[in-house]
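Structure, as structure tokens:
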Amino acid sequence: MTTWTGQAQMLADDIREPGFACAAVNASAWCARVDPQATHGLVGAALALTSGDAGKALWATTAPCPDDAALLAAVTELEGTLAQLLEWASRMAAGCRAAFTEAMEEAQHARAMLASTDPGVRGEGEARLNQARVVLGDCEAALEILDDTGTRLAYALNCLRKVPDDLASTYEQPYQLVHDGGQLPHDGDFLTGTSREAA
């Protein structure tokens, strides 16, 4: 059976995958020339989930994100993944804390057995105390990992939830133009003024 520490470490490793996925979505957005102000949340989530290891992946050359709907859909999917991982981290931490409490009670009982005049009872008490100490140490190490993992997941989830608002505020005027029935040029380069200068 996997120890609590082993399970916690596996979860800590698992959150790296969506972290690199956040970096990939960000890279796709940047390749589409989305303003970095609109993707702060993706950057924050990617770095938090990978402990900074996804830094280079943020600038990777990849297929450009086709439109804002695709970007927001990808962010929503990542939100769902992180929410599930955070829920699992919370459940695991609760189970670990329950095991810690049980081991504490077992240790107290074992110490009481050590006071017995019966050598057999004392021997059993010593064995049970040693086992309880193993569980306590395992739970303490696991909870340290789980607390850190849960904190990073919650932070990353909060970052992703800001992306829609960041996108809307960054492109507030273009969105308003479309909302009012106007049309944007097919290619953003149309608005750079290059053609007017050449004329």
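Lettering and numbering for the structure tokens are positional, with chains as A, B, ... in the shown order, residues counted from 1 in each chain, and ligands counted from 1 in the shown order.
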Contact table range 62-121 of chain A vs range 164-187 of chain A, cut-off 9 Å, shortest pair per residue, only C-alpha atoms, as JSON lines:
{"residue": "A:Asp68", "atom": "CA", "partner": "A:Leu167", "partner_atom": "CA", "distance": 8.4}
{"residue": "A:Leu72", "atom": "CA", "partner": "A:Pro164", "partner_atom": "CA", "distance": 6.8}
{"residue": "A:Val75", "atom": "CA", "partner": "A:Pro164", "partner_atom": "CA", "distance": 8.6}
Give me the residues within 9 Å of Leu85 in chain A as number ranges by chain, counting only C-alpha atoms and dropping any in the same chain fewer than 3 places off. A: 11, 14-15, 80-82, 88-90, 150, 153
Take the residues from that selection and put them in a file with all heavy atoms, as a tab-separated table (two decimals), in the first residue's frame.
chain	number	residue	atom	x	y	z
A	11	LEU	N	0.65	13.27	-6.27
A	11	LEU	CA	-0.24	14.38	-6.59
A	11	LEU	C	0.57	15.63	-6.94
A	11	LEU	O	0.25	16.35	-7.89
A	11	LEU	CB	-1.17	14.68	-5.41
A	11	LEU	CG	-2.13	15.86	-5.61
A	11	LEU	CD1	-3.06	15.61	-6.79
A	11	LEU	CD2	-2.93	16.13	-4.34
A	14	ASP	N	1.64	15.27	-10.31
A	14	ASP	CA	0.53	15.33	-11.27
A	14	ASP	C	0.16	16.76	-11.65
A	14	ASP	O	-0.31	17.00	-12.77
A	14	ASP	CB	-0.72	14.64	-10.70
A	14	ASP	CG	-0.59	13.11	-10.72
A	14	ASP	OD1	0.30	12.60	-11.42
A	14	ASP	OD2	-1.40	12.45	-10.03
A	15	ILE	N	0.35	17.72	-10.75
A	15	ILE	CA	-0.08	19.08	-11.06
A	15	ILE	C	0.86	19.76	-12.06
A	15	ILE	O	0.53	20.82	-12.60
A	15	ILE	CB	-0.22	19.96	-9.79
A	15	ILE	CG1	1.13	20.31	-9.19
A	15	ILE	CG2	-1.13	19.27	-8.77
A	15	ILE	CD1	1.05	21.33	-8.05
A	80	GLY	N	-11.32	23.37	-14.89
A	80	GLY	CA	-11.98	22.16	-14.44
A	80	GLY	C	-10.98	21.13	-13.93
A	80	GLY	O	-11.20	20.48	-12.90
A	81	THR	N	-9.87	20.99	-14.64
A	81	THR	CA	-8.83	20.04	-14.23
A	81	THR	C	-8.25	20.42	-12.88
A	81	THR	O	-8.10	19.58	-11.99
A	81	THR	CB	-7.70	20.00	-15.28
A	81	THR	OG1	-8.24	19.55	-16.53
A	81	THR	CG2	-6.59	19.07	-14.85
A	82	LEU	N	-7.95	21.71	-12.72
A	82	LEU	CA	-7.37	22.16	-11.45
A	82	LEU	C	-8.36	22.04	-10.29
A	82	LEU	O	-7.97	21.72	-9.17
A	82	LEU	CB	-6.88	23.60	-11.57
A	82	LEU	CG	-5.72	23.88	-12.52
A	82	LEU	CD1	-5.17	25.28	-12.31
A	82	LEU	CD2	-4.61	22.85	-12.36
A	88	TRP	N	-9.26	16.74	-4.85
A	88	TRP	CA	-8.56	15.51	-4.48
A	88	TRP	C	-7.52	15.80	-3.41
A	88	TRP	O	-7.36	15.04	-2.45
A	88	TRP	CB	-7.92	14.88	-5.71
A	88	TRP	CG	-7.07	13.69	-5.42
A	88	TRP	CD1	-5.77	13.51	-5.77
A	88	TRP	CD2	-7.44	12.49	-4.72
A	88	TRP	NE1	-5.30	12.29	-5.33
A	88	TRP	CE2	-6.31	11.64	-4.67
A	88	TRP	CE3	-8.62	12.07	-4.11
A	88	TRP	CZ2	-6.33	10.40	-4.05
A	88	TRP	CZ3	-8.64	10.81	-3.47
A	88	TRP	CH2	-7.50	10.00	-3.46
A	89	ALA	N	-6.81	16.91	-3.53
A	89	ALA	CA	-5.82	17.29	-2.54
A	89	ALA	C	-6.48	17.52	-1.18
A	89	ALA	O	-5.95	17.11	-0.14
A	89	ALA	CB	-5.07	18.55	-2.98
A	90	SER	N	-7.64	18.14	-1.19
A	90	SER	CA	-8.37	18.40	0.06
A	90	SER	C	-8.83	17.11	0.71
A	90	SER	O	-8.72	16.93	1.93
A	90	SER	CB	-9.58	19.31	-0.21
A	90	SER	OG	-9.16	20.57	-0.70
A	150	GLY	N	-1.79	22.05	-2.35
A	150	GLY	CA	-3.10	22.68	-2.31
A	150	GLY	C	-3.02	24.19	-2.48
A	150	GLY	O	-3.84	24.79	-3.18
A	153	LEU	N	-2.25	24.91	-6.13
A	153	LEU	CA	-3.44	24.66	-6.95
A	153	LEU	C	-4.46	25.79	-6.80
A	153	LEU	O	-5.03	26.25	-7.79
A	153	LEU	CB	-4.08	23.33	-6.56
A	153	LEU	CG	-3.43	22.07	-7.13
A	153	LEU	CD1	-3.95	20.83	-6.42
A	153	LEU	CD2	-3.70	21.95	-8.63
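With distances restricted to only C-alpha atoms, A:Ala154 is the closest residue to Glu87 in chain A from A:Ala115, A:Ala154, A:Val34, A:Leu136.
For the choices A:Ala112, A:Ala73, A:Ile145, A:Ala156, the atom-to-atom distance to Ala12 in chain A is smallest for A:Ile145 when using only C-alpha atoms.
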Contacts of Asp13 in chain A at 12 Å or less, counting only C-alpha atoms, minus same-chain residues fewer than 4 places along, as a ChimeraX atom specification? /A:6-9,17-20,49-51,85,145-146,149
List the spatial neighbours of Pro36 in chain A as number ranges by chain - criterion: any atom at most 12 Å away, only C-alpha atoms, same-chain residues fewer than 4 positions off excluded. A: 26-32, 40-44, 58-59, 163, 166-167, 170-171
Store the residues picked out above in a file with N, CA, C and O atoms, as a PDB file, in the first residue's frame.
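Now in out03.pdb:
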ATOM      1  N   ASN A  26      -0.734  29.572 -23.270  1.00  0.00           N
ATOM      2  CA  ASN A  26      -0.173  30.922 -23.297  1.00  0.00           C
ATOM      3  C   ASN A  26       0.697  31.133 -24.535  1.00  0.00           C
ATOM      4  O   ASN A  26       0.603  32.160 -25.210  1.00  0.00           O
ATOM      5  N   ALA A  27       1.541  30.155 -24.843  1.00  0.00           N
ATOM      6  CA  ALA A  27       2.405  30.250 -26.013  1.00  0.00           C
ATOM      7  C   ALA A  27       1.575  30.379 -27.286  1.00  0.00           C
ATOM      8  O   ALA A  27       1.898  31.163 -28.186  1.00  0.00           O
ATOM      9  N   SER A  28       0.492  29.623 -27.352  1.00  0.00           N
ATOM     10  CA  SER A  28      -0.399  29.679 -28.510  1.00  0.00           C
ATOM     11  C   SER A  28      -1.032  31.063 -28.637  1.00  0.00           C
ATOM     12  O   SER A  28      -1.163  31.609 -29.736  1.00  0.00           O
ATOM     13  N   ALA A  29      -1.404  31.638 -27.498  1.00  0.00           N
ATOM     14  CA  ALA A  29      -1.994  32.980 -27.504  1.00  0.00           C
ATOM     15  C   ALA A  29      -0.967  34.020 -27.939  1.00  0.00           C
ATOM     16  O   ALA A  29      -1.258  34.909 -28.741  1.00  0.00           O
ATOM     17  N   TRP A  30       0.246  33.902 -27.414  1.00  0.00           N
ATOM     18  CA  TRP A  30       1.283  34.862 -27.781  1.00  0.00           C
ATOM     19  C   TRP A  30       1.668  34.735 -29.256  1.00  0.00           C
ATOM     20  O   TRP A  30       1.971  35.735 -29.906  1.00  0.00           O
ATOM     21  N   CYS A  31       1.651  33.497 -29.781  1.00  0.00           N
ATOM     22  CA  CYS A  31       1.941  33.312 -31.209  1.00  0.00           C
ATOM     23  C   CYS A  31       0.841  33.948 -32.063  1.00  0.00           C
ATOM     24  O   CYS A  31       1.078  34.292 -33.227  1.00  0.00           O
ATOM     25  N   ALA A  32      -0.354  34.085 -31.494  1.00  0.00           N
ATOM     26  CA  ALA A  32      -1.446  34.785 -32.184  1.00  0.00           C
ATOM     27  C   ALA A  32      -1.374  36.287 -31.910  1.00  0.00           C
ATOM     28  O   ALA A  32      -2.263  37.023 -32.309  1.00  0.00           O
ATOM     29  N   HIS A  40      -1.892  37.121 -18.225  1.00  0.00           N
ATOM     30  CA  HIS A  40      -1.163  37.073 -16.945  1.00  0.00           C
ATOM     31  C   HIS A  40      -1.559  35.847 -16.125  1.00  0.00           C
ATOM     32  O   HIS A  40      -0.724  35.222 -15.474  1.00  0.00           O
ATOM     33  N   GLY A  41      -2.847  35.511 -16.147  1.00  0.00           N
ATOM     34  CA  GLY A  41      -3.340  34.388 -15.359  1.00  0.00           C
ATOM     35  C   GLY A  41      -2.741  33.067 -15.800  1.00  0.00           C
ATOM     36  O   GLY A  41      -2.404  32.218 -14.969  1.00  0.00           O
ATOM     37  N   LEU A  42      -2.601  32.882 -17.088  1.00  0.00           N
ATOM     38  CA  LEU A  42      -1.996  31.651 -17.611  1.00  0.00           C
ATOM     39  C   LEU A  42      -0.534  31.547 -17.192  1.00  0.00           C
ATOM     40  O   LEU A  42      -0.055  30.467 -16.816  1.00  0.00           O
ATOM     41  N   VAL A  43       0.162  32.667 -17.265  1.00  0.00           N
ATOM     42  CA  VAL A  43       1.572  32.678 -16.867  1.00  0.00           C
ATOM     43  C   VAL A  43       1.709  32.339 -15.388  1.00  0.00           C
ATOM     44  O   VAL A  43       2.519  31.492 -14.992  1.00  0.00           O
ATOM     45  N   GLY A  44       0.895  32.997 -14.560  1.00  0.00           N
ATOM     46  CA  GLY A  44       0.948  32.745 -13.119  1.00  0.00           C
ATOM     47  C   GLY A  44       0.643  31.302 -12.771  1.00  0.00           C
ATOM     48  O   GLY A  44       1.320  30.687 -11.938  1.00  0.00           O
ATOM     49  N   LEU A  58       6.552  29.049 -22.038  1.00  0.00           N
ATOM     50  CA  LEU A  58       5.639  30.172 -22.250  1.00  0.00           C
ATOM     51  C   LEU A  58       5.887  30.859 -23.584  1.00  0.00           C
ATOM     52  O   LEU A  58       4.984  31.453 -24.156  1.00  0.00           O
ATOM     53  N   TRP A  59       7.124  30.774 -24.065  1.00  0.00           N
ATOM     54  CA  TRP A  59       7.509  31.453 -25.307  1.00  0.00           C
ATOM     55  C   TRP A  59       7.685  30.478 -26.468  1.00  0.00           C
ATOM     56  O   TRP A  59       8.226  30.842 -27.508  1.00  0.00           O
ATOM     57  N   VAL A 163      -8.477  35.239 -16.213  1.00  0.00           N
ATOM     58  CA  VAL A 163      -8.186  35.397 -17.639  1.00  0.00           C
ATOM     59  C   VAL A 163      -9.341  36.021 -18.426  1.00  0.00           C
ATOM     60  O   VAL A 163      -9.109  36.945 -19.219  1.00  0.00           O
ATOM     61  N   ASP A 166      -9.343  39.688 -17.705  1.00  0.00           N
ATOM     62  CA  ASP A 166      -8.141  40.322 -18.244  1.00  0.00           C
ATOM     63  C   ASP A 166      -8.250  40.483 -19.752  1.00  0.00           C
ATOM     64  O   ASP A 166      -7.868  41.522 -20.312  1.00  0.00           O
ATOM     65  N   LEU A 167      -8.791  39.465 -20.419  1.00  0.00           N
ATOM     66  CA  LEU A 167      -8.960  39.527 -21.867  1.00  0.00           C
ATOM     67  C   LEU A 167      -9.960  40.625 -22.232  1.00  0.00           C
ATOM     68  O   LEU A 167      -9.728  41.420 -23.152  1.00  0.00           O
ATOM     69  N   THR A 170      -8.412  44.117 -21.557  1.00  0.00           N
ATOM     70  CA  THR A 170      -7.327  44.438 -22.494  1.00  0.00           C
ATOM     71  C   THR A 170      -7.884  44.849 -23.852  1.00  0.00           C
ATOM     72  O   THR A 170      -7.372  45.765 -24.495  1.00  0.00           O
ATOM     73  N   TYR A 171      -8.941  44.160 -24.262  1.00  0.00           N
ATOM     74  CA  TYR A 171      -9.531  44.428 -25.581  1.00  0.00           C
ATOM     75  C   TYR A 171     -10.926  45.044 -25.450  1.00  0.00           C
ATOM     76  O   TYR A 171     -11.819  44.748 -26.237  1.00  0.00           O
TER      77      TYR A 171
END
If you run DSSP on the backbone here, which positions in range 1-198 of chain A get alpha helix (DSSP H)? Please write them as a PyMOL selection string. chain A and resi 4-14+16-31+40-49+68-114+119-161+163-170+172-179+194-198
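When the distance limit is 8 Å and only C-alpha atoms are what count, the residues near Glu79 in chain A, minus those fewer than 6 positions from it on the same chain, are Leu157, Leu160 and Arg161 of chain A.
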Output file for the residues above (N, CA, C and O atoms, as a PDB file, in the first residue's frame):
ATOM      1  N   LEU A 157      -5.613  28.202  -9.783  1.00  0.00           N
ATOM      2  CA  LEU A 157      -7.033  28.244 -10.149  1.00  0.00           C
ATOM      3  C   LEU A 157      -7.541  29.684 -10.127  1.00  0.00           C
ATOM      4  O   LEU A 157      -8.270  30.119 -11.030  1.00  0.00           O
ATOM      5  N   LEU A 160      -6.300  31.491 -13.235  1.00  0.00           N
ATOM      6  CA  LEU A 160      -7.046  31.167 -14.449  1.00  0.00           C
ATOM      7  C   LEU A 160      -8.415  31.844 -14.476  1.00  0.00           C
ATOM      8  O   LEU A 160      -8.890  32.237 -15.546  1.00  0.00           O
ATOM      9  N   ARG A 161      -9.015  31.997 -13.329  1.00  0.00           N
ATOM     10  CA  ARG A 161     -10.336  32.624 -13.267  1.00  0.00           C
ATOM     11  C   ARG A 161     -10.290  34.107 -13.628  1.00  0.00           C
ATOM     12  O   ARG A 161     -11.323  34.711 -13.916  1.00  0.00           O
TER      13      ARG A 161
END
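Distances from A:Cys22, A:Arg16, A:Arg128, A:Thr101 to Leu114 in chain A were compared using only C-alpha atoms, and the smallest one belongs to A:Arg128.
Closest approach to Cys139 in chain A among A:Glu102, A:Asp35, A:Asp67, A:Glu77: A:Glu102, based on only C-alpha atoms.
Among the candidates A:Ala110, A:Ala103, A:Ala21, A:Ala93, the one nearest to Ala132 in chain A when counting only C-alpha atoms is A:Ala103.
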Skip Arg111 in chain A itself and residues of its chain fewer than 6 positions away, then list as a list in words all residues within 9 Å of it, counting only C-alpha atoms. Arg122, Gly125, Glu126, Arg128 and Leu129 of chain A
Restricting it to N, CA, C and O atoms, dump the selection as a short mmCIF file (atom, residue, chain, number, x, y, z; two decimals), in the first residue's frame.
data_model
loop_
_atom_site.label_atom_id
_atom_site.label_comp_id
_atom_site.auth_asym_id
_atom_site.auth_seq_id
_atom_site.Cartn_x
_atom_site.Cartn_y
_atom_site.Cartn_z
N ARG A 122 4.19 -5.21 27.60
CA ARG A 122 5.15 -4.14 27.32
C ARG A 122 5.75 -4.30 25.92
O ARG A 122 5.93 -3.32 25.20
N GLY A 125 3.25 -3.22 23.45
CA GLY A 125 3.12 -1.76 23.52
C GLY A 125 4.26 -1.07 22.77
O GLY A 125 4.03 -0.10 22.06
N GLU A 126 5.46 -1.59 22.93
CA GLU A 126 6.61 -1.00 22.25
C GLU A 126 6.46 -1.13 20.74
O GLU A 126 6.74 -0.19 19.99
N ARG A 128 3.67 -1.46 19.04
CA ARG A 128 2.58 -0.59 18.58
C ARG A 128 3.00 0.87 18.59
O ARG A 128 2.61 1.65 17.70
N LEU A 129 3.82 1.28 19.56
CA LEU A 129 4.29 2.65 19.62
C LEU A 129 5.21 2.95 18.44
O LEU A 129 5.11 4.02 17.82
#
Distance CA of Glu124 in chain A-CA of Ala94 in chain A, one decimal place? 29.2 Å
